[in-house]
Amino acid sequence: MGRHVATTTHPGPVLVAAGCGGTGRELASYGDLSALGGFVTRTITLRPRPGGPQPRVVESPSGLLHAVGLQNPGLDRFLATELPWLVRAGARVVVSIAGETVAEHAELARRVGQSPGVAALEVDLAEPDPTDWGLVETREPMASGLVATRIVATCRRELPRDVPVLAKVRLDPLRVLDQALGLAEAGADGLVVGHSLPALMPDGRHAGLSGPSLFAVARRCVAEVHAGLPTLPVIGCGGVATAEDARAMLAAGAVSVQVGSAMLTDPTTAHRISAELAADAAAAAESTGAGTRVGEALA
Amino acid sequence: MTTPTAEAPTGPRHVTGEILTTKKVGAYQHLTLAVPDVAERARPGTFVALPAGEGRMGRRAFWIRGVRTVGGFGSAVEVVVDPTGPGSRWLAAQPAGTRLEVTGPLGRPFSLPRDPVSCVLVGEGYSAACLFPLASRLKERGCTVVILLAAADESRLLAALEARRTARSVTVVTGDGSVGRSGAGAPLADLVAAALPEVLQRAAADVVYAAAPAATLARVARAAEDVGAWSQTALEQPGPCLTGLCQGCAVPVVGEDRLVRMVRGCTEGPVLRGDRVRWDDLGGVPAPVDQGAL
Ligand SMILES: Cc1cc2nc3c(=O)[nH]c(=O)nc-3n(C[C@H](O)[C@H](O)[C@H](O)COP(=O)(O)OP(=O)(O)OC[C@H]3O[C@@H](n4cnc5c(N)ncnc54)[C@H](O)[C@@H]3O)c2cc1C
Ligand SMILES: Cc1cc2nc3c(=O)[nH]c(=O)nc-3n(C[C@H](O)[C@H](O)[C@H](O)COP(=O)(O)O)c2cc1C
Ligand code: FES
């Protein structure tokens with residue numbers, strides 16, 4: 001495969017998903033950020049956003065319902081304070097971005113790309129309700145030439161060659177391969193599959209659903225993309241909570257996994273999974289010399 | 001709680017703890033948890049996050065009421081559980097010996113005054129739990145401590161006797177009049193607001209520390225401002241993670257620059273300056289908002 005996704009190599013295939021790792025500082029109390037495959041920031045927008053009203057996150061039997069509303073300090077403050085801290089902490093920083101227009105994505109990508117220490121850019125094309133928050137509408141059926149592909153092509157153009165663009169897409173098993181083909185052609189270096197599912201809060205407001213109920217759907221999406229586009233690195237995201245989940249996601253064709261809401265129950269989840277996979281890899285390397293499943297996924 | 005020194009460890013840990021003792025006291029369940037490496041780090045105003053039972057992804061916060069050394073277990077933290085909903089009822093029903101994933105100590109503690117000033121502590125219901133370690137620390141520093149305890153009824157009045165040992169005076173208000181001043185059914189926030197001015201005046205309060213539901217805290221913050229005292233309010237803004245990861249617990253706070261920022265109740269709080277919290281906008285997103293703090 002021609003392109004190299006920095007975040008999927010050493011030291012392991014486990015990343016913290018967008019919006020589930022705070023600013024990174026909080027997480028650093030529980031483990032060294034440099035020991036993870038990567039840290040995806042919460043989605044950063046050009047201007048600061050205060051987020052939505054309470055309740056923002058509500059438990060349900062099938063997972064967490066959330067409507068945080070993209071609270072973030074805006075690009076300027078993120079680049080001045082949070083990003084340098086993460087880089088100093090040794091994190092492989094994947095900066096998640098979303099914009100109100102394609103031009104805003106261009107500015108976000110350009111300025112993130114000019115900042116030292118960024119391992120990859122993740123374009124959030126899969127907010128459950130983008131228009132509620134004034135973002136570009138990306139929910140139309142995907143095909144090359146449409147807005148999501150334009151956004152990815154724009155970001156690719158604005159970034160240095162050695163900063164990969166990851167496109168984060170919806171959990172839609174029937175359409176995910178079509179979308180992946182279009183996005184890969186537009187220049188996406190990898191795909192993150194996927195985001196929370198559109199849902200309703202108990203009070204009727206729009207929300208995203210995250211957690212265990214997403215796992216099998218996310219895994220199916222990974223398998224669909226892997227079957228149709230085996231050279232495109234796919235990062236599995238949705239309901240990963242244990243090392244067993246991560247192994248199953250890798251077995252379906254993912255090069256790495258992102259851990260989201262499971263971090264909110266146990267802030268050590270990503271570190272724990274990461275350590276268990278590293279132990280697998282070490283044991284397998286010892287018994288066979290090389291060529292383990294995890295090893296292949298990382299190659 | 002130990003007096004922090006320059007070398008004292010700080011910051012939270014995530015550990016497997018164990019319920020050592022669990023005892024019903026009035027309406028509440030008092031738990032002692034053996035938690036390696038957590039108790040030493042506790043400061044007054046910090047809390048632990050505990051699980052809420054099988055199948056619940058969110059966690060529940062409980063004030064650290066005290067720290068004890070338990071033979072064979074090292075140190076332990078004490079918490080007071082008000083069994084009101086599914087999570088707290090589950091926790092209150094767990095027998096001694098139950099192992100739990102514990103995260104803590106979490107949150108910013110109360111700031112302690114440098115000088116031996118006059119302090120009034122206001123606690124309501126189980127929330128008063130976090131004031132006991134605070135009272136001891138203030139006393140160590142030579143501060144005068146006066147306590148106002150409020151509860152719906154006597155069964156929810158936390159350790160008035162213990163309060164009397166550390167405090168110069170203790171005023172008690174109950175909603176049903178079972179102890180102390182009676183409320184004749186008025187909301188506790190109103191009763192506290194009615195009793196407080198006199199308490200503040202008599203103590204010539206420099207600082208007011210409060211732990212209570214938000215409605216009461218808002219009244220305490222205003223009363224403190226009226227007499228020119230600083231206030232430190234311990235706010236219970238629920239959120240699923242309590243570790244600062246999700247931004248689920250946003251609280252609107254006004255900065256020096258008059259801009260309103262949404263800060264995390266679990267991380268920039270739970271103790272916030274009473275004059276900084278936009279009490280009327282809790283739960284909402286006041287405009288205009290700046291995102292400086294996050
Ligand atoms: C900093 C802090 C300290 C606390 N200290 C104590 C303590 O010492 N003792 C004690 O008994 N309780 C304390 N609480 C409250 C406690 O954490 C739980 O919120 C409470 O026990 C209710 O949880 P539940 O599952 O029993 O009930 P429910 O209220 O039914 O909880 C179910 C749902 O409501 C939401 N929720 C949780 N807590 C609240 C709340 N306070 N208000 C509104 N909605 C909520 C949750 O997201 C959850 O999904 C504290 C809370 C905070 C934030
Ligand atoms: C509280 C919360 C906040 C989130 N914020 C973002 C965000 O800012 N940007 C984003 O792309 N995804 C966000 N997500 C989605 C997660 O990154 C992830 O894609 C999704 O939750 C599915 O994974 P999970 O089942 O492991 O949680 C958020 C999820 C949660 C629970
Ligand atoms: S509860 Fe998650 S950040 Fe405060």
# chains A, B, ... in the order shown; residues from 1 in each chain; ligands from 1
$ residues_near_ligand --ligand "ligand 2" --cutoff "6 Å" --atoms "only C-alpha atoms and all ligand atoms" --output "PyMOL selection string"
(chain A and resi 17-20+42-43+66+70+124+194-196+210-211+214+237-240+259-262) or (chain B and resi 246)
$ write_last_selection --atoms "N, CA and C atoms" --output "mmCIF file, in the first residue's frame"
data_model
loop_
_atom_site.group_PDB
_atom_site.id
_atom_site.type_symbol
_atom_site.label_atom_id
_atom_site.label_comp_id
_atom_site.auth_asym_id
_atom_site.auth_seq_id
_atom_site.Cartn_x
_atom_site.Cartn_y
_atom_site.Cartn_z
ATOM 1 N N ALA A 17 -10.907 7.744 20.959
ATOM 2 C CA ALA A 17 -11.792 8.361 19.961
ATOM 3 C C ALA A 17 -12.098 9.820 20.298
ATOM 4 N N ALA A 18 -12.495 10.558 19.268
ATOM 5 C CA ALA A 18 -12.802 11.984 19.417
ATOM 6 C C ALA A 18 -13.859 12.216 20.483
ATOM 7 N N GLY A 19 -13.612 13.224 21.308
ATOM 8 C CA GLY A 19 -14.609 13.654 22.290
ATOM 9 C C GLY A 19 -14.683 12.770 23.522
ATOM 10 N N CYS A 20 -13.811 11.763 23.631
ATOM 11 C CA CYS A 20 -13.879 10.838 24.760
ATOM 12 C C CYS A 20 -12.582 10.799 25.557
ATOM 13 N N ARG A 42 -11.135 16.092 20.728
ATOM 14 C CA ARG A 42 -12.547 16.365 20.441
ATOM 15 C C ARG A 42 -12.573 17.204 19.171
ATOM 16 N N THR A 43 -13.678 17.227 18.486
ATOM 17 C CA THR A 43 -13.727 17.933 17.215
ATOM 18 C C THR A 43 -13.533 19.430 17.427
ATOM 19 N N HIS A 66 -25.830 11.126 23.652
ATOM 20 C CA HIS A 66 -25.113 12.356 23.939
ATOM 21 C C HIS A 66 -25.408 13.454 22.935
ATOM 22 N N LEU A 70 -20.493 19.797 20.388
ATOM 23 C CA LEU A 70 -19.189 20.226 19.863
ATOM 24 C C LEU A 70 -18.540 21.323 20.694
ATOM 25 N N ASP A 124 -14.340 15.069 10.567
ATOM 26 C CA ASP A 124 -15.591 14.531 11.098
ATOM 27 C C ASP A 124 -16.704 14.766 10.079
ATOM 28 N N GLY A 194 -16.951 4.005 12.844
ATOM 29 C CA GLY A 194 -17.677 5.184 12.462
ATOM 30 C C GLY A 194 -17.979 6.024 13.683
ATOM 31 N N HIS A 195 -19.049 6.734 13.576
ATOM 32 C CA HIS A 195 -19.490 7.705 14.592
ATOM 33 C C HIS A 195 -20.675 7.121 15.368
ATOM 34 N N SER A 196 -21.238 7.958 16.260
ATOM 35 C CA SER A 196 -22.448 7.551 16.967
ATOM 36 C C SER A 196 -23.636 7.532 15.995
ATOM 37 N N SER A 210 -23.914 5.983 21.400
ATOM 38 C CA SER A 210 -22.596 5.355 21.366
ATOM 39 C C SER A 210 -22.576 4.182 22.320
ATOM 40 N N GLY A 211 -21.639 3.270 22.099
ATOM 41 C CA GLY A 211 -21.465 2.205 23.076
ATOM 42 C C GLY A 211 -21.658 0.821 22.496
ATOM 43 N N LEU A 214 -23.204 -0.523 19.163
ATOM 44 C CA LEU A 214 -22.640 -0.170 17.854
ATOM 45 C C LEU A 214 -21.640 -1.211 17.346
ATOM 46 N N CYS A 237 -14.265 1.918 14.867
ATOM 47 C CA CYS A 237 -14.700 2.698 16.040
ATOM 48 C C CYS A 237 -16.186 2.460 16.262
ATOM 49 N N GLY A 238 -16.534 2.037 17.454
ATOM 50 C CA GLY A 238 -17.926 1.788 17.812
ATOM 51 C C GLY A 238 -18.004 0.608 18.764
ATOM 52 N N GLY A 239 -18.255 0.893 20.017
ATOM 53 C CA GLY A 239 -18.505 -0.163 20.987
ATOM 54 C C GLY A 239 -17.310 -0.981 21.423
ATOM 55 N N VAL A 240 -16.096 -0.544 21.084
ATOM 56 C CA VAL A 240 -14.930 -1.307 21.529
ATOM 57 C C VAL A 240 -14.697 -1.028 23.020
ATOM 58 N N VAL A 259 -11.261 3.837 20.801
ATOM 59 C CA VAL A 259 -12.107 3.544 21.956
ATOM 60 C C VAL A 259 -12.794 4.840 22.376
ATOM 61 N N GLY A 260 -14.115 4.849 22.365
ATOM 62 C CA GLY A 260 -14.877 6.057 22.689
ATOM 63 C C GLY A 260 -15.517 5.990 24.052
ATOM 64 N N SER A 261 -16.818 5.702 24.084
ATOM 65 C CA SER A 261 -17.567 5.828 25.331
ATOM 66 C C SER A 261 -17.069 4.897 26.427
ATOM 67 N N ALA A 262 -16.389 3.809 26.081
ATOM 68 C CA ALA A 262 -15.872 2.932 27.138
ATOM 69 C C ALA A 262 -14.870 3.678 28.026
ATOM 70 N N CYS B 246 -15.592 13.904 28.996
ATOM 71 C CA CYS B 246 -16.742 13.952 28.077
ATOM 72 C C CYS B 246 -17.421 15.312 27.936
#
$ residues_near_ligand --ligand "ligand 3" --cutoff "7 Å" --atoms "only C-alpha atoms and all ligand atoms" --output "PyMOL selection string"
(chain A and resi 264) or (chain B and resi 238-249+264-267)
$ interface_residues --of "chain A" --to "chain B" --cutoff "8 Å" --atoms "only C-alpha atoms" --output "ChimeraX atom specification"
/A:19-23,26-27,29-30,48-61,63-64,68,71-74,77,262-268
$ write_last_selection --atoms "N, CA, C and O atoms" --output "compact mmCIF listing (two decimals), in the first residue's frame"
# COMPACT_ATOMS: atom_id res chain seq x y z
N GLY A 19 -13.61 13.22 21.31
CA GLY A 19 -14.61 13.65 22.29
C GLY A 19 -14.68 12.77 23.52
O GLY A 19 -15.53 12.99 24.38
N CYS A 20 -13.81 11.76 23.63
CA CYS A 20 -13.88 10.84 24.76
C CYS A 20 -12.58 10.80 25.56
O CYS A 20 -12.38 9.91 26.38
N GLY A 21 -11.70 11.79 25.32
CA GLY A 21 -10.44 11.81 26.05
C GLY A 21 -10.14 13.17 26.67
O GLY A 21 -9.00 13.45 27.04
N GLY A 22 -11.16 14.03 26.76
CA GLY A 22 -10.95 15.36 27.34
C GLY A 22 -9.91 16.13 26.54
O GLY A 22 -9.84 16.02 25.30
N THR A 23 -9.09 16.91 27.22
CA THR A 23 -8.03 17.65 26.54
C THR A 23 -6.77 16.80 26.46
O THR A 23 -5.76 17.25 25.92
N GLU A 26 -6.34 15.18 31.39
CA GLU A 26 -7.06 14.40 32.39
C GLU A 26 -6.69 12.94 32.27
O GLU A 26 -6.49 12.24 33.26
N LEU A 27 -6.57 12.47 31.01
CA LEU A 27 -6.26 11.08 30.75
C LEU A 27 -4.84 10.72 31.21
O LEU A 27 -4.57 9.60 31.62
N SER A 29 -3.37 11.30 33.79
CA SER A 29 -3.29 10.85 35.18
C SER A 29 -3.29 9.33 35.26
O SER A 29 -2.84 8.76 36.25
N TYR A 30 -3.88 8.67 34.25
CA TYR A 30 -4.09 7.22 34.34
C TYR A 30 -3.11 6.43 33.50
O TYR A 30 -3.07 5.21 33.58
N PRO A 48 -14.72 29.22 18.67
CA PRO A 48 -15.09 28.50 19.89
C PRO A 48 -16.58 28.16 19.88
O PRO A 48 -17.38 28.91 19.32
N ARG A 49 -16.94 27.05 20.51
CA ARG A 49 -18.35 26.69 20.64
C ARG A 49 -18.66 26.33 22.08
O ARG A 49 -17.92 25.56 22.70
N PRO A 50 -19.76 26.86 22.61
CA PRO A 50 -20.10 26.60 24.02
C PRO A 50 -20.75 25.25 24.25
O PRO A 50 -20.84 24.80 25.39
N GLY A 51 -21.20 24.56 23.21
CA GLY A 51 -21.91 23.30 23.41
C GLY A 51 -23.37 23.53 23.71
O GLY A 51 -23.85 24.66 23.70
N GLY A 52 -24.09 22.44 23.95
CA GLY A 52 -25.54 22.50 24.13
C GLY A 52 -25.94 22.48 25.59
O GLY A 52 -25.09 22.41 26.48
N PRO A 53 -27.26 22.55 25.83
CA PRO A 53 -27.78 22.56 27.20
C PRO A 53 -27.74 21.17 27.84
O PRO A 53 -27.46 20.18 27.18
N GLN A 54 -28.04 21.11 29.14
CA GLN A 54 -28.13 19.85 29.88
C GLN A 54 -29.52 19.23 29.64
O GLN A 54 -30.44 19.96 29.37
N PRO A 55 -29.69 17.95 29.78
CA PRO A 55 -28.60 17.00 29.98
C PRO A 55 -27.88 16.72 28.66
O PRO A 55 -28.51 16.60 27.62
N ARG A 56 -26.57 16.64 28.75
CA ARG A 56 -25.77 16.42 27.55
C ARG A 56 -25.50 14.94 27.30
O ARG A 56 -25.28 14.55 26.16
N VAL A 57 -25.38 14.18 28.35
CA VAL A 57 -25.10 12.75 28.20
C VAL A 57 -26.03 11.98 29.14
O VAL A 57 -26.12 12.31 30.32
N VAL A 58 -26.73 11.02 28.59
CA VAL A 58 -27.71 10.27 29.36
C VAL A 58 -27.47 8.78 29.13
O VAL A 58 -27.20 8.36 28.00
N GLU A 59 -27.59 8.00 30.20
CA GLU A 59 -27.43 6.54 30.06
C GLU A 59 -28.67 5.93 29.44
O GLU A 59 -29.78 6.40 29.69
N SER A 60 -28.47 4.87 28.66
CA SER A 60 -29.60 4.06 28.22
C SER A 60 -29.11 2.62 28.20
O SER A 60 -27.90 2.39 28.21
N PRO A 61 -30.02 1.67 28.19
CA PRO A 61 -29.58 0.27 28.23
C PRO A 61 -28.69 -0.09 27.04
O PRO A 61 -27.86 -0.99 27.13
N GLY A 63 -26.56 2.03 25.47
CA GLY A 63 -25.35 2.84 25.39
C GLY A 63 -25.60 4.26 25.88
O GLY A 63 -26.61 4.53 26.51
N LEU A 64 -24.65 5.14 25.58
CA LEU A 64 -24.78 6.52 26.02
C LEU A 64 -25.42 7.36 24.92
O LEU A 64 -25.02 7.29 23.76
N VAL A 68 -23.43 16.77 23.23
CA VAL A 68 -22.51 17.72 23.86
C VAL A 68 -22.51 19.02 23.05
O VAL A 68 -22.31 20.11 23.60
N GLN A 71 -18.74 21.31 22.01
CA GLN A 71 -18.03 22.30 22.83
C GLN A 71 -16.54 22.16 22.59
O GLN A 71 -15.96 21.08 22.71
N ASN A 72 -15.91 23.27 22.22
CA ASN A 72 -14.46 23.27 22.02
C ASN A 72 -13.96 24.70 22.01
O ASN A 72 -14.72 25.63 21.80
N PRO A 73 -12.66 24.89 22.26
CA PRO A 73 -12.14 26.24 22.46
C PRO A 73 -11.89 27.00 21.15
O PRO A 73 -11.45 28.15 21.20
N GLY A 74 -12.16 26.37 20.01
CA GLY A 74 -11.86 27.02 18.73
C GLY A 74 -10.41 26.78 18.34
O GLY A 74 -9.56 26.45 19.17
N ARG A 77 -7.19 28.86 20.07
CA ARG A 77 -6.81 28.48 21.42
C ARG A 77 -6.33 27.03 21.47
O ARG A 77 -5.44 26.69 22.25
N ALA A 262 -16.39 3.81 26.08
CA ALA A 262 -15.87 2.93 27.14
C ALA A 262 -14.87 3.68 28.03
O ALA A 262 -14.68 3.32 29.19
N MET A 263 -14.25 4.74 27.48
CA MET A 263 -13.33 5.56 28.27
C MET A 263 -14.06 6.26 29.42
O MET A 263 -13.47 6.62 30.43
N LEU A 264 -15.36 6.52 29.21
CA LEU A 264 -16.11 7.30 30.19
C LEU A 264 -16.50 6.44 31.39
O LEU A 264 -16.76 6.96 32.47
N THR A 265 -16.54 5.12 31.19
CA THR A 265 -16.81 4.21 32.30
C THR A 265 -15.51 3.90 33.04
O THR A 265 -15.50 3.79 34.25
N ASP A 266 -14.44 3.75 32.27
CA ASP A 266 -13.14 3.42 32.86
C ASP A 266 -12.05 4.14 32.05
O ASP A 266 -11.79 3.78 30.90
N PRO A 267 -11.43 5.15 32.65
CA PRO A 267 -10.46 5.95 31.91
C PRO A 267 -9.19 5.19 31.54
O PRO A 267 -8.36 5.72 30.80
N THR A 268 -9.04 3.96 32.04
CA THR A 268 -7.84 3.19 31.70
C THR A 268 -8.10 2.21 30.55
O THR A 268 -7.22 1.42 30.20
$ residues_near_ligand --ligand "ligand 1" --cutoff "7 Å" --atoms "only C-alpha atoms and all ligand atoms" --output "ChimeraX atom specification"
/A:57-59 /B:47,52,58,60-64,79-89,126-127,129,235-240,266,270
$ select_by_dssp --residues "region 51-133 of chain B" --states "strand (DSSP E or B)" --output "ChimeraX atom specification"
/B:51,59-63,66-70,74-81,99-106,108,118-124
$ atom_distance --atom1 "CA of Leu79 (chain A)" --atom2 "CA of Val95 (chain A)"
10.2 Å
$ closest_residue --among "A:Gly24, A:Pro84, A:Pro130, A:Pro116" --to "Ala207 (chain A)" --atoms "only C-alpha atoms"
A:Pro130
$ residues_around --residues "Leu188 (chain B)" --least-positions-apart "6" --cutoff "8 Å" --atoms "only C-alpha atoms" --output "PyMOL selection string"
chain B and resi 150-152+174-175+216
$ write_last_selection --atoms "N, CA and C atoms" --output "PDB file, in the first residue's frame"
ATOM      1  N   ALA B 150     -28.270  21.712  57.347  1.00  0.00           N
ATOM      2  CA  ALA B 150     -29.677  21.678  56.967  1.00  0.00           C
ATOM      3  C   ALA B 150     -30.023  20.295  56.449  1.00  0.00           C
ATOM      4  N   ALA B 151     -31.233  19.862  56.700  1.00  0.00           N
ATOM      5  CA  ALA B 151     -31.686  18.568  56.183  1.00  0.00           C
ATOM      6  C   ALA B 151     -33.203  18.553  56.187  1.00  0.00           C
ATOM      7  N   ALA B 152     -33.773  17.679  55.343  1.00  0.00           N
ATOM      8  CA  ALA B 152     -35.229  17.581  55.274  1.00  0.00           C
ATOM      9  C   ALA B 152     -35.788  17.132  56.626  1.00  0.00           C
ATOM     10  N   THR B 174     -34.074  22.002  60.062  1.00  0.00           N
ATOM     11  CA  THR B 174     -34.681  20.847  59.384  1.00  0.00           C
ATOM     12  C   THR B 174     -36.003  21.275  58.763  1.00  0.00           C
ATOM     13  N   GLY B 175     -36.308  20.652  57.663  1.00  0.00           N
ATOM     14  CA  GLY B 175     -37.524  21.001  56.926  1.00  0.00           C
ATOM     15  C   GLY B 175     -38.773  20.694  57.714  1.00  0.00           C
ATOM     16  N   THR B 216     -29.821  25.728  46.869  1.00  0.00           N
ATOM     17  CA  THR B 216     -29.308  26.256  48.139  1.00  0.00           C
ATOM     18  C   THR B 216     -27.986  26.987  47.923  1.00  0.00           C
TER      19      THR B 216
END
$ residues_around --residues "Pro128 (chain A)" --least-positions-apart "6" --cutoff "9 Å" --atoms "only C-alpha atoms" --output "ChimeraX atom specification"
/A:139,170,195-199,206-209
$ closest_residue --among "A:Pro202, A:Ile44, A:Asp178, A:Leu83" --to "Leu135 (chain A)" --atoms "only C-alpha atoms"
A:Ile44
$ residues_around --residues "region 217-232 of chain A" --least-positions-apart "5" --cutoff "12 Å" --atoms "only C-alpha atoms" --output "VMD selection string"
chain A and resid 1 to 5 165 to 167 169 to 185 187 to 197 210 to 212 237 to 240 245 to 258 297 299
$ atom_distance --atom1 "CA of Ala92 (chain B)" --atom2 "CA of Ser75 (chain B)"
20.9 Å
$ residues_around --residues "Glu107 (chain A)" --least-positions-apart "4" --cutoff "10 Å" --atoms "only C-alpha atoms" --output "list in words"
Leu46, Leu75, Gly99, Val102, Ala103, Arg111, Val112, Gly113, Thr154, Cys155 and Glu158 of chain A
$ write_last_selection --atoms "C-alpha atoms" --output "short mmCIF file (atom, residue, chain, number, x, y, z; two decimals), in the first residue's frame"
data_model
loop_
_atom_site.label_atom_id
_atom_site.label_comp_id
_atom_site.auth_asym_id
_atom_site.auth_seq_id
_atom_site.Cartn_x
_atom_site.Cartn_y
_atom_site.Cartn_z
CA LEU A 46 -12.76 27.41 13.58
CA LEU A 75 -8.83 26.58 16.51
CA GLY A 99 -16.53 23.12 9.57
CA VAL A 102 -15.75 23.74 2.68
CA ALA A 103 -13.62 26.88 2.90
CA ARG A 111 -3.38 25.69 10.02
CA VAL A 112 -3.40 22.26 11.67
CA GLY A 113 -0.94 21.10 9.00
CA THR A 154 -9.61 20.18 0.05
CA CYS A 155 -8.03 19.01 3.30
CA GLU A 158 -3.98 21.95 2.24
#
$ residues_around --residues "Glu198 (chain B)" --least-positions-apart "2" --cutoff "12 Å" --atoms "only C-alpha atoms" --output "list in words"
Val120, Val146, Leu148, Thr171, Val192, Ala193, Ala194, Ala195, Leu196, Leu200, Gln201, Arg202, Ala203, Ala204, Ala205, Ala223, Ala224, Asp226 and Val227 of chain B
$ select_by_dssp --residues "region 68-232 of chain B" --states "alpha helix (DSSP H)" --output "PyMOL selection string"
chain B and resi 86-93+131-140+160-166+188-203+214-226
$ atom_distance --atom1 "CA of Ala285 (chain A)" --atom2 "CA of Ala270 (chain A)"
22.2 Å
